[in-house]
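Text of the file input-v1.pdb, holding PDB, C-alpha atoms:
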```
ATOM      1  CA  MET N   1      57.796 128.932 132.064
ATOM      2  CA  GLU N   2      54.324 128.337 133.386
ATOM      3  CA  VAL N   3      52.834 129.244 136.759
ATOM      4  CA  SER N   4      52.270 125.539 137.547
ATOM      5  CA  GLY N   5      55.983 124.952 138.008
ATOM      6  CA  TRP N   6      56.406 127.655 140.663
ATOM      7  CA  MET N   7      53.090 128.081 142.483
ATOM      8  CA  THR N   8      52.358 126.884 146.013
ATOM      9  CA  ARG N   9      49.845 124.076 145.628
ATOM     10  CA  ASP N  10      46.782 123.682 147.862
ATOM     11  CA  PRO N  11      47.371 126.915 149.791
ATOM     12  CA  ALA N  12      45.836 127.661 153.172
ATOM     13  CA  VAL N  13      42.430 129.315 152.843
ATOM     14  CA  VAL N  14      39.885 131.043 155.082
ATOM     15  CA  GLY N  15      36.118 131.397 154.937
ATOM     16  CA  SER N  16      34.412 134.750 154.502
ATOM     17  CA  ASN N  17      32.646 134.460 157.880
ATOM     18  CA  GLU N  18      35.797 133.938 159.919
ATOM     19  CA  ASN N  19      37.137 136.887 161.872
ATOM     20  CA  LEU N  20      40.389 138.655 161.060
ATOM     21  CA  ALA N  21      42.072 137.590 164.292
ATOM     22  CA  ILE N  22      41.955 133.988 163.069
ATOM     23  CA  VAL N  23      43.346 135.051 159.705
ATOM     24  CA  LYS N  24      46.225 136.925 161.330
ATOM     25  CA  LYS N  25      47.133 133.899 163.441
ATOM     26  CA  ARG N  26      47.054 131.637 160.384
ATOM     27  CA  MET N  27      49.296 134.025 158.439
ATOM     28  CA  GLU N  28      51.793 134.249 161.298
ATOM     29  CA  GLN N  29      51.903 130.477 161.721
ATOM     30  CA  GLY N  30      52.319 129.860 158.001
ATOM     31  CA  GLY N  31      54.671 132.757 157.322
ATOM     32  CA  PHE N  32      52.643 134.146 154.421
ATOM     33  CA  HIS N  33      51.134 137.538 153.630
ATOM     34  CA  ARG N  34      47.846 136.754 151.893
ATOM     35  CA  VAL N  35      45.154 134.096 152.073
ATOM     36  CA  PRO N  36      42.513 133.205 149.466
ATOM     37  CA  VAL N  37      38.939 133.326 150.732
ATOM     38  CA  VAL N  38      36.921 130.256 149.763
ATOM     39  CA  ASP N  39      33.239 129.539 150.416
ATOM     40  CA  GLN N  40      31.740 126.188 149.412
ATOM     41  CA  GLY N  41      34.716 125.426 147.190
ATOM     42  CA  LYS N  42      34.539 128.748 145.330
ATOM     43  CA  LEU N  43      37.100 131.544 145.464
ATOM     44  CA  VAL N  44      35.239 134.669 146.625
ATOM     45  CA  GLY N  45      38.070 136.995 147.635
ATOM     46  CA  ILE N  46      41.559 137.375 149.009
ATOM     47  CA  VAL N  47      42.722 138.976 152.246
ATOM     48  CA  SER N  48      46.262 140.278 152.834
ATOM     49  CA  ASP N  49      48.260 141.518 155.783
ATOM     50  CA  ARG N  50      47.746 145.004 154.342
ATOM     51  CA  ASP N  51      43.976 144.498 154.719
ATOM     52  CA  LEU N  52      44.507 143.377 158.305
ATOM     53  CA  GLY N  53      46.457 146.530 159.034
ATOM     54  CA  ARG N  54      43.406 148.660 158.275
ATOM     55  CA  TYR N  55      41.486 146.956 161.095
ATOM     56  CA  GLU N  56      44.212 146.765 163.747
ATOM     57  CA  GLY N  57      42.547 146.795 167.156
ATOM     58  CA  ALA N  58      39.307 145.335 165.840
ATOM     59  CA  LEU N  59      40.513 142.052 164.338
ATOM     60  CA  GLY N  60      38.386 139.990 166.698
ATOM     61  CA  THR N  61      35.145 141.652 165.607
ATOM     62  CA  VAL N  62      35.636 142.268 161.868
ATOM     63  CA  LYS N  63      34.893 139.375 159.541
ATOM     64  CA  VAL N  64      36.859 138.473 156.439
ATOM     65  CA  ASN N  65      34.015 139.512 154.118
ATOM     66  CA  GLY N  66      34.285 143.033 155.488
ATOM     67  CA  ALA N  67      37.979 143.357 154.665
ATOM     68  CA  MET N  68      38.735 141.087 151.707
ATOM     69  CA  THR N  69      39.459 142.244 148.171
ATOM     70  CA  GLN N  70      37.011 141.216 145.473
ATOM     71  CA  PRO N  71      36.764 140.463 142.629
ATOM     72  CA  VAL N  72      40.110 138.690 142.628
ATOM     73  CA  VAL N  73      42.689 138.846 139.850
ATOM     74  CA  THR N  74      43.606 135.218 139.079
ATOM     75  CA  VAL N  75      45.741 133.122 136.763
ATOM     76  CA  THR N  76      45.647 129.509 135.596
ATOM     77  CA  PRO N  77      48.375 126.864 135.917
ATOM     78  CA  THR N  78      49.262 127.373 132.229
ATOM     79  CA  THR N  79      49.635 131.162 132.498
ATOM     80  CA  MET N  80      53.182 132.191 131.616
ATOM     81  CA  LEU N  81      55.227 133.711 134.453
ATOM     82  CA  GLU N  82      55.738 136.908 132.447
ATOM     83  CA  GLN N  83      51.969 137.366 132.240
ATOM     84  CA  ALA N  84      51.588 136.747 135.971
ATOM     85  CA  ALA N  85      54.292 139.335 136.691
ATOM     86  CA  ASN N  86      52.562 141.879 134.442
ATOM     87  CA  LEU N  87      49.257 141.307 136.255
ATOM     88  CA  MET N  88      50.887 141.830 139.653
ATOM     89  CA  VAL N  89      52.463 145.091 138.503
ATOM     90  CA  ARG N  90      49.304 146.343 136.796
ATOM     91  CA  HIS N  91      47.030 145.576 139.756
ATOM     92  CA  LYS N  92      49.636 146.350 142.446
ATOM     93  CA  VAL N  93      49.263 143.000 144.213
ATOM     94  CA  GLY N  94      51.861 140.646 145.634
ATOM     95  CA  GLY N  95      50.151 137.359 144.828
ATOM     96  CA  LEU N  96      47.602 135.726 142.534
ATOM     97  CA  PRO N  97      45.334 132.744 143.229
ATOM     98  CA  VAL N  98      45.649 130.000 140.615
ATOM     99  CA  ILE N  99      42.339 128.668 139.312
ATOM    100  CA  GLU N 100      41.703 125.531 137.264
ATOM    101  CA  GLN N 101      38.169 124.534 136.247
ATOM    102  CA  ASP N 102      36.713 126.996 138.778
ATOM    103  CA  LYS N 103      38.734 125.422 141.603
ATOM    104  CA  LEU N 104      41.547 127.007 143.612
ATOM    105  CA  VAL N 105      44.644 124.871 143.003
ATOM    106  CA  GLY N 106      47.447 127.173 144.120
ATOM    107  CA  ILE N 107      48.825 130.646 144.644
ATOM    108  CA  ILE N 108      51.771 132.373 142.953
ATOM    109  CA  THR N 109      53.529 135.246 144.711
ATOM    110  CA  ALA N 110      56.091 137.881 143.809
ATOM    111  CA  THR N 111      58.664 135.865 145.770
ATOM    112  CA  ASP N 112      57.942 132.811 143.611
ATOM    113  CA  LEU N 113      58.455 134.917 140.485
ATOM    114  CA  MET N 114      61.760 136.257 141.797
ATOM    115  CA  ARG N 115      62.993 132.705 142.436
ATOM    116  CA  ALA N 116      61.954 131.635 138.934
ATOM    117  CA  PHE N 117      63.566 134.588 137.194
ATOM    118  CA  ALA N 118      66.738 134.194 139.283
ATOM    119  CA  GLU N 119      67.019 130.622 138.043
ATOM    120  CA  VAL N 120      66.419 131.642 134.440
ATOM    121  CA  LEU N 121      69.065 134.346 134.640
ATOM    122  CA  GLY N 122      71.560 132.022 136.284
ATOM    123  CA  ALA N 123      71.668 133.715 139.661
ATOM    124  CA  ALA N 124      70.696 130.512 141.447
ATOM    125  CA  GLN N 125      73.479 128.314 140.044
ATOM    126  CA  GLU N 126      77.157 128.050 140.942
ATOM    127  CA  GLY N 127      79.591 128.617 138.099
ATOM    128  CA  VAL N 128      77.005 130.275 135.885
ATOM    129  CA  SER N 129      77.379 133.830 134.599
ATOM    130  CA  ARG N 130      75.128 136.114 132.610
ATOM    131  CA  ILE N 131      76.511 138.403 129.946
ATOM    132  CA  ASP N 132      74.311 141.317 128.856
ATOM    133  CA  LEU N 133      75.029 143.115 125.601
ATOM    134  CA  SER N 134      73.381 145.754 123.477
ATOM    135  CA  LEU N 135      71.372 144.253 120.645
ATOM    136  CA  GLY N 136      70.884 146.046 117.356
ATOM    137  CA  ALA N 137      67.799 146.023 115.170
ATOM    138  CA  ASP N 138      69.108 143.089 113.108
ATOM    139  CA  SER N 139      67.590 139.935 114.605
ATOM    140  CA  SER N 140      70.400 137.802 113.148
ATOM    141  CA  GLU N 141      72.878 139.447 115.542
ATOM    142  CA  LEU N 142      71.832 137.246 118.462
ATOM    143  CA  ALA N 143      72.352 134.082 116.423
ATOM    144  CA  MET N 144      75.846 135.270 115.497
ATOM    145  CA  VAL N 145      76.675 136.003 119.149
ATOM    146  CA  VAL N 146      75.581 132.498 120.167
ATOM    147  CA  GLN N 147      77.751 130.988 117.437
ATOM    148  CA  LEU N 148      80.793 132.997 118.528
ATOM    149  CA  VAL N 149      80.367 132.050 122.193
ATOM    150  CA  ALA N 150      79.942 128.378 121.315
ATOM    151  CA  GLN N 151      83.249 128.506 119.413
ATOM    152  CA  GLU N 152      84.915 129.548 122.685
ATOM    153  CA  SER N 153      84.100 126.110 124.162
ATOM    154  CA  CYS N 154      81.656 127.818 126.498
ATOM    155  CA  GLU N 155      78.476 125.981 127.521
ATOM    156  CA  ILE N 156      75.419 128.121 126.724
ATOM    157  CA  LEU N 157      72.554 127.476 129.162
ATOM    158  CA  GLY N 158      70.094 130.078 127.938
ATOM    159  CA  VAL N 159      69.620 133.016 125.622
ATOM    160  CA  GLY N 160      67.051 135.780 125.587
ATOM    161  CA  SER N 161      66.407 139.456 125.220
ATOM    162  CA  TYR N 162      64.580 142.202 127.062
ATOM    163  CA  GLN N 163      63.880 145.880 126.713
ATOM    164  CA  ALA N 164      65.701 148.085 129.200
ATOM    165  CA  GLY N 165      63.733 150.919 130.767
ATOM    166  CA  GLU N 166      60.493 152.318 129.437
ATOM    167  CA  GLU N 167      58.808 151.414 126.157
ATOM    168  CA  GLY N 168      61.145 152.153 123.278
ATOM    169  CA  GLY N 169      64.195 151.619 125.477
ATOM    170  CA  GLN N 170      67.386 149.815 124.602
ATOM    171  CA  GLN N 171      67.090 146.205 123.432
ATOM    172  CA  VAL N 172      69.378 143.999 125.508
ATOM    173  CA  ALA N 173      70.409 140.413 124.791
ATOM    174  CA  TYR N 174      71.600 138.107 127.557
ATOM    175  CA  LEU N 175      73.442 134.819 127.538
ATOM    176  CA  ARG N 176      73.596 132.450 130.492
ATOM    177  CA  VAL N 177      76.872 130.622 130.235
ATOM    178  CA  ARG N 178      78.782 128.105 132.292
ATOM    179  CA  SER N 179      82.310 129.347 132.020
ATOM    180  CA  GLY N 180      85.338 129.540 134.247
ATOM    181  CA  ASP N 181      86.112 132.931 132.749
ATOM    182  CA  ALA N 182      83.076 134.906 131.595
ATOM    183  CA  SER N 183      85.304 137.968 131.312
ATOM    184  CA  ARG N 184      87.284 136.239 128.564
ATOM    185  CA  VAL N 185      84.065 135.578 126.645
ATOM    186  CA  ALA N 186      83.004 139.187 127.132
ATOM    187  CA  ARG N 187      86.363 140.439 125.852
ATOM    188  CA  MET N 188      86.009 138.255 122.772
ATOM    189  CA  LEU N 189      82.585 139.768 122.050
ATOM    190  CA  THR N 190      83.978 143.266 122.559
ATOM    191  CA  ASP N 191      86.796 142.472 120.123
ATOM    192  CA  LYS N 192      84.120 141.444 117.608
ATOM    193  CA  SER N 193      82.548 144.937 117.993
ATOM    194  CA  TYR N 194      79.656 143.889 120.227
ATOM    195  CA  LYS N 195      78.836 146.238 123.097
ATOM    196  CA  VAL N 196      78.959 144.273 126.349
ATOM    197  CA  LEU N 197      76.916 146.033 129.033
ATOM    198  CA  SER N 198      77.594 143.900 132.094
ATOM    199  CA  ILE N 199      78.681 140.549 133.451
ATOM    200  CA  HIS N 200      76.774 138.962 136.358
ATOM    201  CA  SER N 201      78.503 136.085 138.143
TER     202      SER N 201
END
```
Output the file's structure as C-alpha coordinates, nothing else.
Amino acid sequence: MEVSGWMTRDPAVVGSNENLAIVKKRMEQGGFHRVPVVDQGKLVGIVSDRDLGRYEGALGTVKVNGAMTQPVVTVTPTTMLEQAANLMVRHKVGGLPVIEQDKLVGIITATDLMRAFAEVLGAAQEGVSRIDLSLGADSSELAMVVQLVAQESCEILGVGSYQAGEEGGQQVAYLRVRSGDASRVARMLTDKSYKVLSIHS
(Lines of atoms letter the chains of each structure in order from A and count residues from 1; the text may use other names and numbers.)
(Lines give C-alpha, C1' and ligand atoms only; values in the text may rest on other atoms or scores of the structure.)
Protein backbone atom coordinates (compact mmCIF):
# COMPACT_ATOMS: atom_id res chain seq x y z
CA MET A 1 0.00 0.00 0.00
CA GLU A 2 1.15 3.50 -0.79
CA VAL A 3 1.24 6.57 1.43
CA SER A 4 -1.25 8.35 -0.86
CA GLY A 5 -4.09 6.13 0.30
CA TRP A 6 -3.64 6.95 4.00
CA MET A 7 -2.11 10.42 4.29
CA THR A 8 -3.96 13.55 5.40
CA ARG A 9 -4.17 15.75 2.32
CA ASP A 10 -3.52 19.50 2.38
CA PRO A 11 -2.50 19.60 6.06
CA ALA A 12 -2.49 22.75 8.16
CA VAL A 13 0.83 24.59 7.93
CA VAL A 14 2.59 27.48 9.66
CA GLY A 15 5.17 30.00 8.51
CA SER A 16 8.66 30.15 9.99
CA ASN A 17 8.11 33.71 11.29
CA GLU A 18 4.99 32.91 13.29
CA ASN A 19 5.35 32.55 17.04
CA LEU A 20 4.91 29.28 18.90
CA ALA A 21 1.81 30.45 20.75
CA ILE A 22 -0.03 30.56 17.43
CA VAL A 23 1.26 27.11 16.55
CA LYS A 24 0.10 25.68 19.87
CA LYS A 25 -3.39 27.12 19.39
CA ARG A 26 -3.58 25.69 15.87
CA MET A 27 -2.51 22.25 17.10
CA GLU A 28 -5.07 22.29 19.91
CA GLN A 29 -7.86 23.37 17.57
CA GLY A 30 -6.97 20.77 14.96
CA GLY A 31 -6.15 17.96 17.38
CA PHE A 32 -2.76 17.18 15.83
CA HIS A 33 0.77 16.95 17.19
CA ARG A 34 2.97 18.35 14.42
CA VAL A 35 2.73 21.01 11.74
CA PRO A 36 4.82 21.40 8.57
CA VAL A 37 6.54 24.76 8.21
CA VAL A 38 6.09 26.29 4.76
CA ASP A 39 7.57 29.52 3.39
CA GLN A 40 6.63 30.71 -0.10
CA GLY A 41 5.25 27.30 -0.99
CA LYS A 42 8.38 25.43 0.11
CA LEU A 43 8.66 23.03 3.04
CA VAL A 44 11.41 24.40 5.30
CA GLY A 45 10.84 22.49 8.54
CA ILE A 46 8.41 20.81 10.87
CA VAL A 47 7.42 21.73 14.42
CA SER A 48 5.91 19.28 16.92
CA ASP A 49 4.30 19.50 20.33
CA ARG A 50 7.57 18.11 21.69
CA ASP A 51 9.35 21.18 20.26
CA LEU A 52 6.77 23.42 21.90
CA GLY A 53 7.41 21.76 25.24
CA ARG A 54 11.01 22.95 25.20
CA TYR A 55 9.84 26.58 25.11
CA GLU A 56 6.94 26.42 27.57
CA GLY A 57 6.54 29.85 29.15
CA ALA A 58 8.07 31.64 26.18
CA LEU A 59 5.75 30.55 23.36
CA GLY A 60 4.66 34.11 22.66
CA THR A 61 8.20 35.33 22.02
CA VAL A 62 9.89 32.37 20.28
CA LYS A 63 9.37 32.05 16.55
CA VAL A 64 8.87 28.81 14.66
CA ASN A 65 12.27 29.08 12.95
CA GLY A 66 13.91 28.97 16.36
CA ALA A 67 12.24 25.70 17.36
CA MET A 68 11.49 23.74 14.18
CA THR A 69 13.32 20.63 13.03
CA GLN A 70 15.25 20.85 9.78
CA PRO A 71 16.08 19.33 7.39
CA VAL A 72 12.86 17.35 7.31
CA VAL A 73 12.57 13.63 6.57
CA THR A 74 9.89 13.32 3.87
CA VAL A 75 8.16 10.75 1.69
CA THR A 76 6.26 10.89 -1.60
CA PRO A 77 2.69 9.76 -2.30
CA THR A 78 4.05 6.59 -3.94
CA THR A 79 6.27 5.61 -0.99
CA MET A 80 5.19 2.25 0.40
CA LEU A 81 3.78 2.30 3.95
CA GLU A 82 6.47 -0.13 5.11
CA GLN A 83 9.15 2.33 3.99
CA ALA A 84 7.40 5.20 5.76
CA ALA A 85 7.20 3.13 8.96
CA ASN A 86 10.91 2.30 8.73
CA LEU A 87 11.77 5.99 8.32
CA MET A 88 9.70 6.94 11.38
CA VAL A 89 11.43 4.29 13.49
CA ARG A 90 14.91 5.14 12.20
CA HIS A 91 14.53 8.90 12.73
CA LYS A 92 12.34 8.62 15.85
CA VAL A 93 9.56 10.83 14.48
CA GLY A 94 5.80 10.45 14.62
CA GLY A 95 4.95 11.91 11.23
CA LEU A 96 6.36 12.61 7.77
CA PRO A 97 5.43 15.38 5.33
CA VAL A 98 4.48 14.08 1.89
CA ILE A 99 6.14 15.90 -1.01
CA GLU A 100 5.26 15.74 -4.70
CA GLN A 101 7.16 17.83 -7.26
CA ASP A 102 8.64 19.97 -4.46
CA LYS A 103 5.17 20.75 -3.10
CA LEU A 104 3.69 19.68 0.24
CA VAL A 105 0.62 17.56 -0.56
CA GLY A 106 0.01 15.75 2.72
CA ILE A 107 1.30 14.30 5.95
CA ILE A 108 1.39 10.68 7.13
CA THR A 109 1.53 9.90 10.84
CA ALA A 110 2.14 6.86 13.01
CA THR A 111 -1.61 6.78 13.72
CA ASP A 112 -2.33 6.59 9.98
CA LEU A 113 0.10 3.67 9.68
CA MET A 114 -1.55 1.86 12.58
CA ARG A 115 -4.96 2.22 10.92
CA ALA A 116 -3.58 0.91 7.62
CA PHE A 117 -1.83 -2.08 9.16
CA ALA A 118 -4.90 -2.88 11.29
CA GLU A 119 -6.96 -3.07 8.11
CA VAL A 120 -4.39 -5.25 6.37
CA LEU A 121 -4.25 -7.64 9.30
CA GLY A 122 -8.03 -7.80 9.56
CA ALA A 123 -8.37 -6.05 12.90
CA ALA A 124 -10.69 -3.44 11.43
CA GLN A 125 -13.27 -5.84 9.98
CA GLU A 126 -16.06 -7.82 11.63
CA GLY A 127 -15.95 -11.57 11.10
CA VAL A 128 -12.34 -11.56 9.98
CA SER A 129 -9.62 -13.50 11.79
CA ARG A 130 -5.88 -13.73 11.37
CA ILE A 131 -4.05 -17.00 11.78
CA ASP A 132 -0.29 -16.82 12.38
CA LEU A 133 1.86 -19.90 11.85
CA SER A 134 5.53 -20.73 11.80
CA LEU A 135 6.93 -20.80 8.29
CA GLY A 136 9.82 -23.03 7.32
CA ALA A 137 12.59 -22.26 4.87
CA ASP A 138 10.68 -23.87 1.98
CA SER A 139 8.84 -21.06 0.18
CA SER A 140 6.31 -23.54 -1.25
CA GLU A 141 4.92 -24.12 2.26
CA LEU A 142 2.83 -20.94 2.18
CA ALA A 143 1.24 -21.91 -1.13
CA MET A 144 0.32 -25.30 0.33
CA VAL A 145 -1.23 -23.67 3.42
CA VAL A 146 -3.36 -21.40 1.22
CA GLN A 147 -4.55 -24.39 -0.79
CA LEU A 148 -5.49 -26.32 2.35
CA VAL A 149 -7.41 -23.39 3.83
CA ALA A 150 -9.27 -22.81 0.56
CA GLN A 151 -10.38 -26.46 0.61
CA GLU A 152 -12.07 -25.74 3.96
CA SER A 153 -14.52 -23.38 2.19
CA CYS A 154 -12.86 -20.49 4.00
CA GLU A 155 -12.61 -17.11 2.26
CA ILE A 156 -8.98 -15.95 2.20
CA LEU A 157 -8.70 -12.14 2.28
CA GLY A 158 -4.94 -11.79 2.48
CA VAL A 159 -1.69 -13.66 2.93
CA GLY A 160 1.74 -12.48 3.95
CA SER A 161 4.77 -13.12 6.07
CA TYR A 162 6.96 -11.24 8.51
CA GLN A 163 10.01 -11.82 10.62
CA ALA A 164 9.35 -12.01 14.35
CA GLY A 165 11.80 -10.23 16.63
CA GLU A 166 15.26 -9.11 15.66
CA GLU A 167 17.06 -9.85 12.39
CA GLY A 168 17.35 -13.59 11.92
CA GLY A 169 14.22 -14.20 13.98
CA GLN A 170 11.43 -16.64 13.27
CA GLN A 171 9.67 -16.36 9.91
CA VAL A 172 5.92 -16.12 10.46
CA ALA A 173 3.17 -16.49 7.86
CA TYR A 174 -0.27 -14.99 8.38
CA LEU A 175 -3.60 -15.56 6.71
CA ARG A 176 -6.53 -13.17 6.95
CA VAL A 177 -9.64 -15.26 6.64
CA ARG A 178 -13.37 -14.69 6.83
CA SER A 179 -14.55 -17.69 8.75
CA GLY A 180 -17.19 -18.44 11.33
CA ASP A 181 -14.74 -20.76 13.03
CA ALA A 182 -11.08 -19.81 12.64
CA SER A 183 -10.24 -22.30 15.38
CA ARG A 184 -11.46 -25.13 13.14
CA VAL A 185 -9.15 -23.93 10.36
CA ALA A 186 -6.27 -23.69 12.82
CA ARG A 187 -6.92 -27.23 14.06
CA MET A 188 -6.89 -28.49 10.49
CA LEU A 189 -3.49 -26.87 9.91
CA THR A 190 -2.18 -28.34 13.16
CA ASP A 191 -3.40 -31.78 12.05
CA LYS A 192 -1.42 -31.28 8.84
CA SER A 193 1.73 -30.71 10.98
CA TYR A 194 1.84 -26.93 10.64
CA LYS A 195 2.71 -25.00 13.79
CA VAL A 196 -0.06 -22.49 14.49
CA LEU A 197 1.24 -19.67 16.69
CA SER A 198 -1.90 -17.65 17.35
CA ILE A 199 -5.39 -16.75 16.23
CA HIS A 200 -6.53 -13.11 16.27
CA SER A 201 -10.27 -12.50 15.97
query = Which residue, N:Leu148, N:Leu43, N:Tyr174, N:Gly57, has the smallest gap to Arg187 of chain N when you use all atoms listed in the file?
reply = N:Leu148
key: Counting only C-alpha atoms, the option among N:Val14, N:Val105, N:Ala150, N:Ala85 closest to Met68 of chain N   =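 Between N:Val14, N:Val105, N:Ala150, N:Ala85, the residue approaching Met68 of chain N most closely is N:Val14.
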message = The residues within 10 Å of (79.8, 144.3, 126.4), using all atoms listed in the file and the coordinates of the file, should be reported as a ChimeraX atom specification; which are they?
response = /N:131-134,183,185-191,193-199
For those residues, write C-alpha atoms to a file as a CSV table (one decimal), in the coordinates of the input.
```
chain,number,residue,atom,x,y,z
N,131,ILE,CA,76.5,138.4,129.9
N,132,ASP,CA,74.3,141.3,128.9
N,133,LEU,CA,75.0,143.1,125.6
N,134,SER,CA,73.4,145.8,123.5
N,183,SER,CA,85.3,138.0,131.3
N,185,VAL,CA,84.1,135.6,126.6
N,186,ALA,CA,83.0,139.2,127.1
N,187,ARG,CA,86.4,140.4,125.9
N,188,MET,CA,86.0,138.3,122.8
N,189,LEU,CA,82.6,139.8,122.0
N,190,THR,CA,84.0,143.3,122.6
N,191,ASP,CA,86.8,142.5,120.1
N,193,SER,CA,82.5,144.9,118.0
N,194,TYR,CA,79.7,143.9,120.2
N,195,LYS,CA,78.8,146.2,123.1
N,196,VAL,CA,79.0,144.3,126.3
N,197,LEU,CA,76.9,146.0,129.0
N,198,SER,CA,77.6,143.9,132.1
N,199,ILE,CA,78.7,140.5,133.5
```
message = Nearest residue to Met114 of chain N out of N:Leu175, N:Ile99, N:Ala182, N:Met7, using all atoms listed in the file?
response = N:Met7
request  = Provide the atom CA of Leu135 of chain N to atom CA of Gly160 of chain N distance in Å, to one decimal place.
outcome  =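 Atom CA of Leu135 of chain N sits 10.7 Å away from atom CA of Gly160 of chain N.
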key: Counting all atoms listed in the file, the residue of N:Ile108, N:Gly30, N:Phe117, N:Leu52 that sits nearest Asn65 of chain N   =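 So, comparing all the options, the nearest one is N:Leu52.
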ask   = Taking the file as shown, what set of residues would the PyMOL selection byres ((chain N and resi 19) around 9) give back, as a ChimeraX atom specification?
value = /N:15-18,20-23,59-65
Store the residues picked out above, limited to C-alpha atoms, as a PDB file, keeping the file's coordinate frame.
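Dumped to selection.pdb:
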```pdb
ATOM      1  CA  GLY N  15      36.118 131.397 154.937  1.00  0.00           C
ATOM      2  CA  SER N  16      34.412 134.750 154.502  1.00  0.00           C
ATOM      3  CA  ASN N  17      32.646 134.460 157.880  1.00  0.00           C
ATOM      4  CA  GLU N  18      35.797 133.938 159.919  1.00  0.00           C
ATOM      5  CA  LEU N  20      40.389 138.655 161.060  1.00  0.00           C
ATOM      6  CA  ALA N  21      42.072 137.590 164.292  1.00  0.00           C
ATOM      7  CA  ILE N  22      41.955 133.988 163.069  1.00  0.00           C
ATOM      8  CA  VAL N  23      43.346 135.051 159.705  1.00  0.00           C
ATOM      9  CA  LEU N  59      40.513 142.052 164.338  1.00  0.00           C
ATOM     10  CA  GLY N  60      38.386 139.990 166.698  1.00  0.00           C
ATOM     11  CA  THR N  61      35.145 141.652 165.607  1.00  0.00           C
ATOM     12  CA  VAL N  62      35.636 142.268 161.868  1.00  0.00           C
ATOM     13  CA  LYS N  63      34.893 139.375 159.541  1.00  0.00           C
ATOM     14  CA  VAL N  64      36.859 138.473 156.439  1.00  0.00           C
ATOM     15  CA  ASN N  65      34.015 139.512 154.118  1.00  0.00           C
TER      16      ASN N  65
END
```
inquiry  = Could you check the closest approach to Gln40 of chain N for each of N:Met27, N:Val98, N:Leu104, N:Leu113 and tell me which residue wins, using all atoms listed in the file?
reply    = N:Leu104
ask   = Once the PyMOL selection byres ((chain N and resi 73) around 12) has been applied to the shown file, what residues remain in the selection, as a PyMOL selection string?
value = chain N and resi 36+43-46+69-72+74-76+84+86-99+107-108
I need the chosen residues saved as a tab-separated table (two decimals), keeping the file's coordinate frame, with C-alpha atoms.
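Okay, this is what ended up in part33.tsv:
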```tsv
chain	number	residue	atom	x	y	z
N	36	PRO	CA	42.51	133.21	149.47
N	43	LEU	CA	37.10	131.54	145.46
N	44	VAL	CA	35.24	134.67	146.62
N	45	GLY	CA	38.07	137.00	147.64
N	46	ILE	CA	41.56	137.38	149.01
N	69	THR	CA	39.46	142.24	148.17
N	70	GLN	CA	37.01	141.22	145.47
N	71	PRO	CA	36.76	140.46	142.63
N	72	VAL	CA	40.11	138.69	142.63
N	74	THR	CA	43.61	135.22	139.08
N	75	VAL	CA	45.74	133.12	136.76
N	76	THR	CA	45.65	129.51	135.60
N	84	ALA	CA	51.59	136.75	135.97
N	86	ASN	CA	52.56	141.88	134.44
N	87	LEU	CA	49.26	141.31	136.26
N	88	MET	CA	50.89	141.83	139.65
N	89	VAL	CA	52.46	145.09	138.50
N	90	ARG	CA	49.30	146.34	136.80
N	91	HIS	CA	47.03	145.58	139.76
N	92	LYS	CA	49.64	146.35	142.45
N	93	VAL	CA	49.26	143.00	144.21
N	94	GLY	CA	51.86	140.65	145.63
N	95	GLY	CA	50.15	137.36	144.83
N	96	LEU	CA	47.60	135.73	142.53
N	97	PRO	CA	45.33	132.74	143.23
N	98	VAL	CA	45.65	130.00	140.62
N	99	ILE	CA	42.34	128.67	139.31
N	107	ILE	CA	48.82	130.65	144.64
N	108	ILE	CA	51.77	132.37	142.95
```
key: Which residue of N:Gln163, N:Ser140, N:Thr109, N:Gln101 approaches Lys42 of chain N most closely, using all atoms listed in the file   =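 Closest candidate: N:Gln101.
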ask   = For this file, the PyMOL selection byres ((chain N and resi 154) around 10) selects which residues, as a list in words?
value = Val146, Leu148, Val149, Ala150, Gln151, Glu152, Ser153, Glu155, Ile156, Leu157, Val177, Arg178, Ser179, Gly180, Asp181, Ala182 and Val185 of chain N
ask   = Between atom CA of Asp112 of chain N and atom CA of Trp6 of chain N, what is the spacing in Å?
value =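 Those two atoms sit 6.1 Å apart.
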query = If you measure from atom CA of Ala67 of chain N to atom CA of Thr111 of chain N, what distance in Å do you get, rounded to one decimal?
reply =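 Going from atom CA of Ala67 of chain N over to atom CA of Thr111 of chain N, I get 23.7 Å.
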